[in-house]
Structure formats: structure tokens, C-alpha cells
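Let me begin by presenting the structure, written as C-alpha cells, before commenting on it.
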Amino acid sequence: MFPELARFTDLGILLLRLMVGLVFVNSGYTHLKDPAARAKSIGMSKPFTMFLGAAELAGGLGVAFGVLTQLAAFGLILIMLGAIWKKIFAWHTGFWGEKVTGWHYDLMLILMNLVIAFTDGGAYGLLR
């Protein structure tokens with residue numbers, strides 16, 4: 001319907017990368033800021049929470065800046081698959097959630113990271 005918009009594909013991928021990066025950098029920072037409290041809230045050990053925070057921070061920065069973009073995106077996908085597993089099997093959270101965010105949010109982030117990985121992050125990035 002609007003073929004002329006195709007010329008903005010790389011800009012759209014960049015904006016997607018920046019949004020995904022912002023989400024994961026913020027989440028990683030939250031894990032690292034107070035790992036003991038965060039570990040308690042997510043039901044994980046403090047060392048694992050610190051590892052998770054560092055992985056989210058590194059993956060988010062990689063995706064946002066276009067550094068090892070596909071590797072970063074696949075790493076973030078693994079993290080989100082773990083989050084979905086935890087929500088479904090440990091917390092028994094539904095797709096939409098009831099009192100907490102359901103795993104639809106995590107699934108959206110997986111699909112966003114798949115687009116980033118499949119397009120290698122588009123044309124804009126530090127390592128192009």
C-alpha cells in the first residue's frame with residue numbers, strides 16, 4: 001500500500017533496537033543496583049541475579065549500539081525464554097497475567113529480538 005516507506009526500513013530497525021536496548025539496559029541495571037532485593041523478588045540466587053543483570057545490560061547495549069548485534073539479540077532471546085518458563089511453570093502466570101504482567105510482554109521481546117537478529121540490526125550501528 002505504501003511502498004515508499006520501505007526506504008525507512010533501516011531507520012525502523014534502529015528505533016526498534018534502541019527501544020529493546022533501553023528495556024534490557026534498564027532491567028539489567030535494576031538487577032545490579034540491589035541484587036539481594038531483586039533476587040528475592042524474582043526467586044533466584046543473588047549470584048544468578050547479578051549474572052542475569054550483567055547479561056541483560058551487555059545484551060541491551062550490544063543491540064542498541066549494533067555491536068555483535070545478532071549474538072546480543074539471541075542472548076536476550078534466551079533470557080526471555082527463561083523468563084517465560086519461570087512465569088508459566090513456577091509462578092503459574094497466564095499469557096495476559098492477572099495481578100502481574102503476563103508472558104505476552106516477554107514473547108513480544110523475543111519476536112522483536114528475532115527481527116533484529118534476522119536483519120542483523122539493519123544498516124546503522126557501530127560495527128557496520
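Identifiers in the C-alpha cells: chain A, B, ... in order shown; residue index from 1 per chain; ligand index from 1 in order shown.
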
Go through range 20-56 of chain A and flag each residue having an atom no more than 10 Å from range 102-122 of chain A; for those, report the closest pair of atoms plus their distance in Å to one decimal, using only C-alpha atoms, ordered by chain and rising number, as CSV.
residue,atom,partner,partner_atom,distance
A:Val20,CA,A:Leu109,CA,7.3
A:Gly21,CA,A:Asn113,CA,9.9
A:Val23,CA,A:Leu109,CA,9.2
A:Phe24,CA,A:Leu109,CA,9.7

Write out as a list in words the residues lying within 7 Å of range 52-55 of chain A, counting only C-alpha atoms and excluding same-chain residues fewer than 2 positions away. Gly28, Tyr29, His31, Leu32, Phe48, Thr49, Met50, Leu57, Ala58 and Gly59 of chain A

Create the file for the chosen residues now, containing all heavy atoms and written as an mmCIF file, in the first residue's frame.
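Saved file part_9.cif follows:
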data_model
loop_
_atom_site.group_PDB
_atom_site.id
_atom_site.type_symbol
_atom_site.label_atom_id
_atom_site.label_comp_id
_atom_site.auth_asym_id
_atom_site.auth_seq_id
_atom_site.Cartn_x
_atom_site.Cartn_y
_atom_site.Cartn_z
ATOM 1 N N GLY A 28 18.562 -4.756 33.409
ATOM 2 C CA GLY A 28 19.855 -5.194 33.909
ATOM 3 C C GLY A 28 20.357 -4.312 35.037
ATOM 4 O O GLY A 28 20.879 -4.795 36.049
ATOM 5 N N TYR A 29 20.177 -3.010 34.874
ATOM 6 C CA TYR A 29 20.582 -2.065 35.915
ATOM 7 C C TYR A 29 19.798 -2.316 37.207
ATOM 8 O O TYR A 29 20.354 -2.286 38.303
ATOM 9 C CB TYR A 29 20.382 -0.627 35.441
ATOM 10 C CG TYR A 29 20.669 0.394 36.515
ATOM 11 C CD1 TYR A 29 21.973 0.676 36.880
ATOM 12 C CD2 TYR A 29 19.631 1.046 37.174
ATOM 13 C CE1 TYR A 29 22.250 1.603 37.883
ATOM 14 C CE2 TYR A 29 19.892 1.967 38.173
ATOM 15 C CZ TYR A 29 21.198 2.241 38.522
ATOM 16 O OH TYR A 29 21.459 3.152 39.520
ATOM 17 N N HIS A 31 18.609 -5.140 38.226
ATOM 18 C CA HIS A 31 19.153 -6.358 38.837
ATOM 19 C C HIS A 31 20.460 -6.065 39.567
ATOM 20 O O HIS A 31 20.719 -6.615 40.636
ATOM 21 C CB HIS A 31 19.421 -7.421 37.773
ATOM 22 C CG HIS A 31 18.205 -8.131 37.291
ATOM 23 N ND1 HIS A 31 17.083 -7.487 36.824
ATOM 24 C CD2 HIS A 31 17.938 -9.450 37.176
ATOM 25 C CE1 HIS A 31 16.191 -8.377 36.449
ATOM 26 N NE2 HIS A 31 16.679 -9.587 36.655
ATOM 27 N N LEU A 32 21.294 -5.214 38.984
ATOM 28 C CA LEU A 32 22.622 -4.955 39.540
ATOM 29 C C LEU A 32 22.622 -3.903 40.654
ATOM 30 O O LEU A 32 23.522 -3.897 41.486
ATOM 31 C CB LEU A 32 23.580 -4.529 38.427
ATOM 32 C CG LEU A 32 23.888 -5.601 37.387
ATOM 33 C CD1 LEU A 32 24.685 -5.012 36.233
ATOM 34 C CD2 LEU A 32 24.610 -6.773 38.018
ATOM 35 N N PHE A 48 23.154 -15.473 40.686
ATOM 36 C CA PHE A 48 22.482 -15.624 39.398
ATOM 37 C C PHE A 48 21.826 -14.317 38.976
ATOM 38 O O PHE A 48 21.851 -13.959 37.802
ATOM 39 C CB PHE A 48 21.447 -16.754 39.422
ATOM 40 C CG PHE A 48 20.791 -16.948 38.092
ATOM 41 C CD1 PHE A 48 21.454 -17.630 37.088
ATOM 42 C CD2 PHE A 48 19.542 -16.422 37.824
ATOM 43 C CE1 PHE A 48 20.878 -17.789 35.834
ATOM 44 C CE2 PHE A 48 18.946 -16.572 36.579
ATOM 45 C CZ PHE A 48 19.620 -17.262 35.578
ATOM 46 N N THR A 49 21.257 -13.604 39.931
ATOM 47 C CA THR A 49 20.628 -12.318 39.622
ATOM 48 C C THR A 49 21.670 -11.330 39.106
ATOM 49 O O THR A 49 21.396 -10.568 38.173
ATOM 50 C CB THR A 49 19.914 -11.766 40.866
ATOM 51 O OG1 THR A 49 18.919 -12.711 41.266
ATOM 52 C CG2 THR A 49 19.251 -10.431 40.583
ATOM 53 N N MET A 50 22.862 -11.347 39.686
ATOM 54 C CA MET A 50 23.929 -10.467 39.209
ATOM 55 C C MET A 50 24.371 -10.868 37.806
ATOM 56 O O MET A 50 24.593 -9.999 36.948
ATOM 57 C CB MET A 50 25.098 -10.491 40.194
ATOM 58 C CG MET A 50 24.736 -9.849 41.526
ATOM 59 S SD MET A 50 25.993 -10.056 42.793
ATOM 60 C CE MET A 50 27.349 -9.165 42.086
ATOM 61 N N LEU A 57 22.305 -6.207 30.663
ATOM 62 C CA LEU A 57 22.983 -4.942 30.387
ATOM 63 C C LEU A 57 23.855 -5.054 29.142
ATOM 64 O O LEU A 57 23.779 -4.209 28.236
ATOM 65 C CB LEU A 57 23.814 -4.535 31.605
ATOM 66 C CG LEU A 57 24.372 -3.132 31.641
ATOM 67 C CD1 LEU A 57 23.254 -2.096 31.644
ATOM 68 C CD2 LEU A 57 25.230 -2.960 32.882
ATOM 69 N N ALA A 58 24.672 -6.105 29.061
ATOM 70 C CA ALA A 58 25.548 -6.294 27.903
ATOM 71 C C ALA A 58 24.742 -6.522 26.625
ATOM 72 O O ALA A 58 25.038 -5.935 25.582
ATOM 73 C CB ALA A 58 26.487 -7.472 28.151
ATOM 74 N N GLY A 59 23.721 -7.366 26.698
ATOM 75 C CA GLY A 59 22.889 -7.622 25.525
ATOM 76 C C GLY A 59 22.148 -6.384 25.067
ATOM 77 O O GLY A 59 22.060 -6.100 23.871
#

In range 36-111 of chain A, DSSP helix (DSSP H, G or I) residues written as a PDB file with N, CA, C and O atoms, in the first residue's frame:
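Output contents, as saved in states_26.pdb:
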ATOM      1  N   ALA A  36      20.364  -8.251  45.976  1.00  0.00           N
ATOM      2  CA  ALA A  36      19.733  -9.057  47.029  1.00  0.00           C
ATOM      3  C   ALA A  36      18.213  -8.903  46.992  1.00  0.00           C
ATOM      4  O   ALA A  36      17.475  -9.895  47.021  1.00  0.00           O
ATOM      5  N   ALA A  37      17.750  -7.671  46.899  1.00  0.00           N
ATOM      6  CA  ALA A  37      16.308  -7.422  46.860  1.00  0.00           C
ATOM      7  C   ALA A  37      15.706  -7.961  45.565  1.00  0.00           C
ATOM      8  O   ALA A  37      14.624  -8.561  45.572  1.00  0.00           O
ATOM      9  N   ARG A  38      16.416  -7.751  44.462  1.00  0.00           N
ATOM     10  CA  ARG A  38      15.897  -8.223  43.175  1.00  0.00           C
ATOM     11  C   ARG A  38      15.853  -9.748  43.138  1.00  0.00           C
ATOM     12  O   ARG A  38      14.905 -10.342  42.620  1.00  0.00           O
ATOM     13  N   ALA A  39      16.897 -10.389  43.700  1.00  0.00           N
ATOM     14  CA  ALA A  39      16.931 -11.853  43.744  1.00  0.00           C
ATOM     15  C   ALA A  39      15.741 -12.394  44.517  1.00  0.00           C
ATOM     16  O   ALA A  39      15.109 -13.368  44.108  1.00  0.00           O
ATOM     17  N   LYS A  40      15.423 -11.746  45.614  1.00  0.00           N
ATOM     18  CA  LYS A  40      14.279 -12.175  46.420  1.00  0.00           C
ATOM     19  C   LYS A  40      12.979 -12.012  45.636  1.00  0.00           C
ATOM     20  O   LYS A  40      12.105 -12.880  45.671  1.00  0.00           O
ATOM     21  N   SER A  41      12.852 -10.901  44.905  1.00  0.00           N
ATOM     22  CA  SER A  41      11.599 -10.641  44.197  1.00  0.00           C
ATOM     23  C   SER A  41      11.379 -11.585  43.021  1.00  0.00           C
ATOM     24  O   SER A  41      10.247 -11.872  42.656  1.00  0.00           O
ATOM     25  N   ILE A  42      12.463 -12.082  42.413  1.00  0.00           N
ATOM     26  CA  ILE A  42      12.297 -12.980  41.270  1.00  0.00           C
ATOM     27  C   ILE A  42      12.534 -14.447  41.641  1.00  0.00           C
ATOM     28  O   ILE A  42      12.421 -15.329  40.795  1.00  0.00           O
ATOM     29  N   LYS A  46      21.297 -14.610  44.585  1.00  0.00           N
ATOM     30  CA  LYS A  46      21.944 -13.314  44.350  1.00  0.00           C
ATOM     31  C   LYS A  46      23.001 -13.411  43.245  1.00  0.00           C
ATOM     32  O   LYS A  46      23.027 -12.556  42.353  1.00  0.00           O
ATOM     33  N   PRO A  47      23.884 -14.435  43.244  1.00  0.00           N
ATOM     34  CA  PRO A  47      24.862 -14.516  42.153  1.00  0.00           C
ATOM     35  C   PRO A  47      24.212 -14.665  40.768  1.00  0.00           C
ATOM     36  O   PRO A  47      24.658 -14.045  39.803  1.00  0.00           O
ATOM     37  N   PHE A  48      23.154 -15.473  40.686  1.00  0.00           N
ATOM     38  CA  PHE A  48      22.482 -15.624  39.398  1.00  0.00           C
ATOM     39  C   PHE A  48      21.826 -14.317  38.976  1.00  0.00           C
ATOM     40  O   PHE A  48      21.851 -13.959  37.802  1.00  0.00           O
ATOM     41  N   THR A  49      21.257 -13.604  39.931  1.00  0.00           N
ATOM     42  CA  THR A  49      20.628 -12.318  39.622  1.00  0.00           C
ATOM     43  C   THR A  49      21.670 -11.330  39.106  1.00  0.00           C
ATOM     44  O   THR A  49      21.396 -10.568  38.173  1.00  0.00           O
ATOM     45  N   MET A  50      22.862 -11.347  39.686  1.00  0.00           N
ATOM     46  CA  MET A  50      23.929 -10.467  39.209  1.00  0.00           C
ATOM     47  C   MET A  50      24.371 -10.868  37.806  1.00  0.00           C
ATOM     48  O   MET A  50      24.593  -9.999  36.948  1.00  0.00           O
ATOM     49  N   PHE A  51      24.477 -12.173  37.550  1.00  0.00           N
ATOM     50  CA  PHE A  51      24.805 -12.652  36.209  1.00  0.00           C
ATOM     51  C   PHE A  51      23.729 -12.231  35.212  1.00  0.00           C
ATOM     52  O   PHE A  51      24.030 -11.741  34.120  1.00  0.00           O
ATOM     53  N   LEU A  52      22.485 -12.410  35.588  1.00  0.00           N
ATOM     54  CA  LEU A  52      21.363 -12.042  34.733  1.00  0.00           C
ATOM     55  C   LEU A  52      21.381 -10.545  34.429  1.00  0.00           C
ATOM     56  O   LEU A  52      21.185 -10.132  33.286  1.00  0.00           O
ATOM     57  N   GLY A  53      21.633  -9.735  35.453  1.00  0.00           N
ATOM     58  CA  GLY A  53      21.702  -8.289  35.250  1.00  0.00           C
ATOM     59  C   GLY A  53      22.823  -7.902  34.305  1.00  0.00           C
ATOM     60  O   GLY A  53      22.639  -7.066  33.410  1.00  0.00           O
ATOM     61  N   ALA A  54      23.991  -8.509  34.478  1.00  0.00           N
ATOM     62  CA  ALA A  54      25.123  -8.207  33.594  1.00  0.00           C
ATOM     63  C   ALA A  54      24.823  -8.649  32.166  1.00  0.00           C
ATOM     64  O   ALA A  54      25.155  -7.939  31.204  1.00  0.00           O
ATOM     65  N   ALA A  55      24.181  -9.809  32.010  1.00  0.00           N
ATOM     66  CA  ALA A  55      23.833 -10.304  30.676  1.00  0.00           C
ATOM     67  C   ALA A  55      22.809  -9.393  30.000  1.00  0.00           C
ATOM     68  O   ALA A  55      22.926  -9.091  28.804  1.00  0.00           O
ATOM     69  N   GLU A  56      21.811  -8.944  30.751  1.00  0.00           N
ATOM     70  CA  GLU A  56      20.809  -8.034  30.185  1.00  0.00           C
ATOM     71  C   GLU A  56      21.444  -6.698  29.807  1.00  0.00           C
ATOM     72  O   GLU A  56      21.146  -6.145  28.747  1.00  0.00           O
ATOM     73  N   LEU A  57      22.305  -6.207  30.663  1.00  0.00           N
ATOM     74  CA  LEU A  57      22.983  -4.942  30.387  1.00  0.00           C
ATOM     75  C   LEU A  57      23.855  -5.054  29.142  1.00  0.00           C
ATOM     76  O   LEU A  57      23.779  -4.209  28.236  1.00  0.00           O
ATOM     77  N   ALA A  58      24.672  -6.105  29.061  1.00  0.00           N
ATOM     78  CA  ALA A  58      25.548  -6.294  27.903  1.00  0.00           C
ATOM     79  C   ALA A  58      24.742  -6.522  26.625  1.00  0.00           C
ATOM     80  O   ALA A  58      25.038  -5.935  25.582  1.00  0.00           O
ATOM     81  N   GLY A  59      23.721  -7.366  26.698  1.00  0.00           N
ATOM     82  CA  GLY A  59      22.889  -7.622  25.525  1.00  0.00           C
ATOM     83  C   GLY A  59      22.148  -6.384  25.067  1.00  0.00           C
ATOM     84  O   GLY A  59      22.060  -6.100  23.871  1.00  0.00           O
ATOM     85  N   GLY A  60      21.616  -5.641  26.023  1.00  0.00           N
ATOM     86  CA  GLY A  60      20.906  -4.408  25.683  1.00  0.00           C
ATOM     87  C   GLY A  60      21.808  -3.387  25.015  1.00  0.00           C
ATOM     88  O   GLY A  60      21.432  -2.749  24.034  1.00  0.00           O
ATOM     89  N   LEU A  61      23.027  -3.239  25.533  1.00  0.00           N
ATOM     90  CA  LEU A  61      23.977  -2.296  24.927  1.00  0.00           C
ATOM     91  C   LEU A  61      24.412  -2.783  23.547  1.00  0.00           C
ATOM     92  O   LEU A  61      24.523  -1.977  22.614  1.00  0.00           O
ATOM     93  N   GLY A  62      24.632  -4.099  23.407  1.00  0.00           N
ATOM     94  CA  GLY A  62      25.014  -4.643  22.104  1.00  0.00           C
ATOM     95  C   GLY A  62      23.954  -4.417  21.052  1.00  0.00           C
ATOM     96  O   GLY A  62      24.251  -3.992  19.928  1.00  0.00           O
ATOM     97  N   VAL A  63      22.717  -4.675  21.412  1.00  0.00           N
ATOM     98  CA  VAL A  63      21.606  -4.465  20.472  1.00  0.00           C
ATOM     99  C   VAL A  63      21.452  -2.977  20.151  1.00  0.00           C
ATOM    100  O   VAL A  63      21.329  -2.588  18.993  1.00  0.00           O
ATOM    101  N   ALA A  64      21.474  -2.138  21.168  1.00  0.00           N
ATOM    102  CA  ALA A  64      21.258  -0.701  20.957  1.00  0.00           C
ATOM    103  C   ALA A  64      22.339  -0.082  20.077  1.00  0.00           C
ATOM    104  O   ALA A  64      22.042   0.712  19.184  1.00  0.00           O
ATOM    105  N   PHE A  65      23.597  -0.443  20.310  1.00  0.00           N
ATOM    106  CA  PHE A  65      24.705   0.182  19.582  1.00  0.00           C
ATOM    107  C   PHE A  65      25.124  -0.579  18.332  1.00  0.00           C
ATOM    108  O   PHE A  65      25.970  -0.121  17.578  1.00  0.00           O
ATOM    109  N   THR A  69      25.464  -7.616  17.152  1.00  0.00           N
ATOM    110  CA  THR A  69      24.018  -7.459  17.248  1.00  0.00           C
ATOM    111  C   THR A  69      23.271  -8.788  17.270  1.00  0.00           C
ATOM    112  O   THR A  69      22.385  -8.981  18.109  1.00  0.00           O
ATOM    113  N   GLN A  70      23.608  -9.685  16.372  1.00  0.00           N
ATOM    114  CA  GLN A  70      22.886 -10.958  16.330  1.00  0.00           C
ATOM    115  C   GLN A  70      23.145 -11.784  17.581  1.00  0.00           C
ATOM    116  O   GLN A  70      22.215 -12.355  18.155  1.00  0.00           O
ATOM    117  N   LEU A  71      24.392 -11.827  18.020  1.00  0.00           N
ATOM    118  CA  LEU A  71      24.729 -12.557  19.239  1.00  0.00           C
ATOM    119  C   LEU A  71      23.996 -11.961  20.440  1.00  0.00           C
ATOM    120  O   LEU A  71      23.434 -12.689  21.264  1.00  0.00           O
ATOM    121  N   ALA A  72      23.982 -10.652  20.536  1.00  0.00           N
ATOM    122  CA  ALA A  72      23.284  -9.978  21.630  1.00  0.00           C
ATOM    123  C   ALA A  72      21.789 -10.273  21.588  1.00  0.00           C
ATOM    124  O   ALA A  72      21.169 -10.578  22.616  1.00  0.00           O
ATOM    125  N   ALA A  73      21.200 -10.224  20.398  1.00  0.00           N
ATOM    126  CA  ALA A  73      19.761 -10.486  20.260  1.00  0.00           C
ATOM    127  C   ALA A  73      19.425 -11.923  20.651  1.00  0.00           C
ATOM    128  O   ALA A  73      18.446 -12.165  21.372  1.00  0.00           O
ATOM    129  N   PHE A  74      20.241 -12.879  20.223  1.00  0.00           N
ATOM    130  CA  PHE A  74      19.980 -14.276  20.584  1.00  0.00           C
ATOM    131  C   PHE A  74      20.174 -14.503  22.085  1.00  0.00           C
ATOM    132  O   PHE A  74      19.445 -15.280  22.699  1.00  0.00           O
ATOM    133  N   GLY A  75      21.143 -13.820  22.679  1.00  0.00           N
ATOM    134  CA  GLY A  75      21.319 -13.910  24.130  1.00  0.00           C
ATOM    135  C   GLY A  75      20.108 -13.389  24.880  1.00  0.00           C
ATOM    136  O   GLY A  75      19.653 -13.997  25.854  1.00  0.00           O
ATOM    137  N   LEU A  76      19.558 -12.277  24.408  1.00  0.00           N
ATOM    138  CA  LEU A  76      18.365 -11.712  25.044  1.00  0.00           C
ATOM    139  C   LEU A  76      17.155 -12.623  24.847  1.00  0.00           C
ATOM    140  O   LEU A  76      16.301 -12.722  25.731  1.00  0.00           O
ATOM    141  N   ILE A  77      17.110 -13.300  23.711  1.00  0.00           N
ATOM    142  CA  ILE A  77      16.027 -14.266  23.486  1.00  0.00           C
ATOM    143  C   ILE A  77      16.107 -15.387  24.517  1.00  0.00           C
ATOM    144  O   ILE A  77      15.082 -15.796  25.084  1.00  0.00           O
ATOM    145  N   LEU A  78      17.296 -15.880  24.783  1.00  0.00           N
ATOM    146  CA  LEU A  78      17.454 -16.936  25.789  1.00  0.00           C
ATOM    147  C   LEU A  78      16.994 -16.467  27.164  1.00  0.00           C
ATOM    148  O   LEU A  78      16.334 -17.208  27.895  1.00  0.00           O
ATOM    149  N   ILE A  79      17.341 -15.239  27.494  1.00  0.00           N
ATOM    150  CA  ILE A  79      16.904 -14.683  28.784  1.00  0.00           C
ATOM    151  C   ILE A  79      15.381 -14.636  28.848  1.00  0.00           C
ATOM    152  O   ILE A  79      14.771 -15.009  29.851  1.00  0.00           O
ATOM    153  N   MET A  80      14.750 -14.208  27.764  1.00  0.00           N
ATOM    154  CA  MET A  80      13.296 -14.101  27.766  1.00  0.00           C
ATOM    155  C   MET A  80      12.624 -15.470  27.759  1.00  0.00           C
ATOM    156  O   MET A  80      11.547 -15.631  28.344  1.00  0.00           O
ATOM    157  N   LEU A  81      13.244 -16.456  27.132  1.00  0.00           N
ATOM    158  CA  LEU A  81      12.699 -17.818  27.206  1.00  0.00           C
ATOM    159  C   LEU A  81      12.728 -18.314  28.650  1.00  0.00           C
ATOM    160  O   LEU A  81      11.783 -18.962  29.111  1.00  0.00           O
ATOM    161  N   GLY A  82      13.790 -17.973  29.368  1.00  0.00           N
ATOM    162  CA  GLY A  82      13.864 -18.312  30.790  1.00  0.00           C
ATOM    163  C   GLY A  82      12.796 -17.598  31.593  1.00  0.00           C
ATOM    164  O   GLY A  82      12.189 -18.180  32.498  1.00  0.00           O
ATOM    165  N   ALA A  83      12.548 -16.348  31.259  1.00  0.00           N
ATOM    166  CA  ALA A  83      11.511 -15.584  31.954  1.00  0.00           C
ATOM    167  C   ALA A  83      10.131 -16.187  31.707  1.00  0.00           C
ATOM    168  O   ALA A  83       9.311 -16.303  32.627  1.00  0.00           O
ATOM    169  N   ILE A  84       9.875 -16.583  30.473  1.00  0.00           N
ATOM    170  CA  ILE A  84       8.593 -17.210  30.156  1.00  0.00           C
ATOM    171  C   ILE A  84       8.452 -18.525  30.911  1.00  0.00           C
ATOM    172  O   ILE A  84       7.392 -18.815  31.476  1.00  0.00           O
ATOM    173  N   TRP A  85       9.510 -19.324  30.924  1.00  0.00           N
ATOM    174  CA  TRP A  85       9.472 -20.592  31.656  1.00  0.00           C
ATOM    175  C   TRP A  85       9.127 -20.343  33.120  1.00  0.00           C
ATOM    176  O   TRP A  85       8.268 -21.010  33.689  1.00  0.00           O
ATOM    177  N   LYS A  86       9.799 -19.365  33.726  1.00  0.00           N
ATOM    178  CA  LYS A  86       9.567 -19.049  35.145  1.00  0.00           C
ATOM    179  C   LYS A  86       8.110 -18.611  35.357  1.00  0.00           C
ATOM    180  O   LYS A  86       7.461 -19.044  36.305  1.00  0.00           O
ATOM    181  N   LYS A  87       7.615 -17.757  34.483  1.00  0.00           N
ATOM    182  CA  LYS A  87       6.245 -17.265  34.637  1.00  0.00           C
ATOM    183  C   LYS A  87       5.212 -18.375  34.484  1.00  0.00           C
ATOM    184  O   LYS A  87       4.237 -18.421  35.224  1.00  0.00           O
ATOM    185  N   ILE A  88       5.426 -19.272  33.536  1.00  0.00           N
ATOM    186  CA  ILE A  88       4.443 -20.326  33.293  1.00  0.00           C
ATOM    187  C   ILE A  88       4.514 -21.422  34.354  1.00  0.00           C
ATOM    188  O   ILE A  88       3.501 -21.795  34.945  1.00  0.00           O
ATOM    189  N   PHE A  89       5.716 -21.951  34.600  1.00  0.00           N
ATOM    190  CA  PHE A  89       5.846 -23.158  35.415  1.00  0.00           C
ATOM    191  C   PHE A  89       6.101 -22.909  36.897  1.00  0.00           C
ATOM    192  O   PHE A  89       5.728 -23.736  37.722  1.00  0.00           O
ATOM    193  N   ALA A  90       6.717 -21.783  37.256  1.00  0.00           N
ATOM    194  CA  ALA A  90       6.980 -21.520  38.669  1.00  0.00           C
ATOM    195  C   ALA A  90       5.929 -20.587  39.272  1.00  0.00           C
ATOM    196  O   ALA A  90       5.453 -20.814  40.379  1.00  0.00           O
ATOM    197  N   HIS A 104       3.008 -12.393  27.740  1.00  0.00           N
ATOM    198  CA  HIS A 104       2.857 -11.779  26.421  1.00  0.00           C
ATOM    199  C   HIS A 104       3.946 -10.735  26.189  1.00  0.00           C
ATOM    200  O   HIS A 104       4.467 -10.586  25.084  1.00  0.00           O
ATOM    201  N   TYR A 105       4.313 -10.029  27.235  1.00  0.00           N
ATOM    202  CA  TYR A 105       5.362  -9.000  27.171  1.00  0.00           C
ATOM    203  C   TYR A 105       6.699  -9.648  26.786  1.00  0.00           C
ATOM    204  O   TYR A 105       7.420  -9.152  25.922  1.00  0.00           O
ATOM    205  N   ASP A 106       7.020 -10.758  27.419  1.00  0.00           N
ATOM    206  CA  ASP A 106       8.268 -11.461  27.147  1.00  0.00           C
ATOM    207  C   ASP A 106       8.287 -12.007  25.712  1.00  0.00           C
ATOM    208  O   ASP A 106       9.316 -11.967  25.043  1.00  0.00           O
ATOM    209  N   LEU A 107       7.149 -12.509  25.268  1.00  0.00           N
ATOM    210  CA  LEU A 107       7.043 -13.025  23.914  1.00  0.00           C
ATOM    211  C   LEU A 107       7.244 -11.910  22.883  1.00  0.00           C
ATOM    212  O   LEU A 107       7.901 -12.114  21.860  1.00  0.00           O
ATOM    213  N   MET A 108       6.711 -10.737  23.150  1.00  0.00           N
ATOM    214  CA  MET A 108       6.928  -9.606  22.244  1.00  0.00           C
ATOM    215  C   MET A 108       8.415  -9.269  22.144  1.00  0.00           C
ATOM    216  O   MET A 108       8.930  -8.995  21.058  1.00  0.00           O
ATOM    217  N   LEU A 109       9.115  -9.297  23.281  1.00  0.00           N
ATOM    218  CA  LEU A 109      10.548  -9.011  23.257  1.00  0.00           C
ATOM    219  C   LEU A 109      11.322 -10.089  22.503  1.00  0.00           C
ATOM    220  O   LEU A 109      12.312  -9.783  21.829  1.00  0.00           O
ATOM    221  N   ILE A 110      10.883 -11.334  22.592  1.00  0.00           N
ATOM    222  CA  ILE A 110      11.517 -12.395  21.807  1.00  0.00           C
ATOM    223  C   ILE A 110      11.356 -12.108  20.316  1.00  0.00           C
ATOM    224  O   ILE A 110      12.312 -12.169  19.544  1.00  0.00           O
ATOM    225  N   LEU A 111      10.136 -11.780  19.901  1.00  0.00           N
ATOM    226  CA  LEU A 111       9.882 -11.518  18.482  1.00  0.00           C
ATOM    227  C   LEU A 111      10.622 -10.272  17.993  1.00  0.00           C
ATOM    228  O   LEU A 111      11.144 -10.249  16.871  1.00  0.00           O
TER     229      LEU A 111
END

One-decimal distance in Å that lies between CA of Met44 in chain A and CA of Phe95 in chain A: 21.7 Å

So how far away is CA of Arg17 in chain A from CA of Gly66 in chain A, in Å?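 About the pair CA of Gly66 in chain A and CA of Arg17 in chain A: they are 8.1 Å apart.
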
Pick out the closest residue to Arg7 in chain A from this set: A:Trp91, A:Leu68, A:Thr101, A:Ala123. Count only C-alpha atoms. A:Ala123
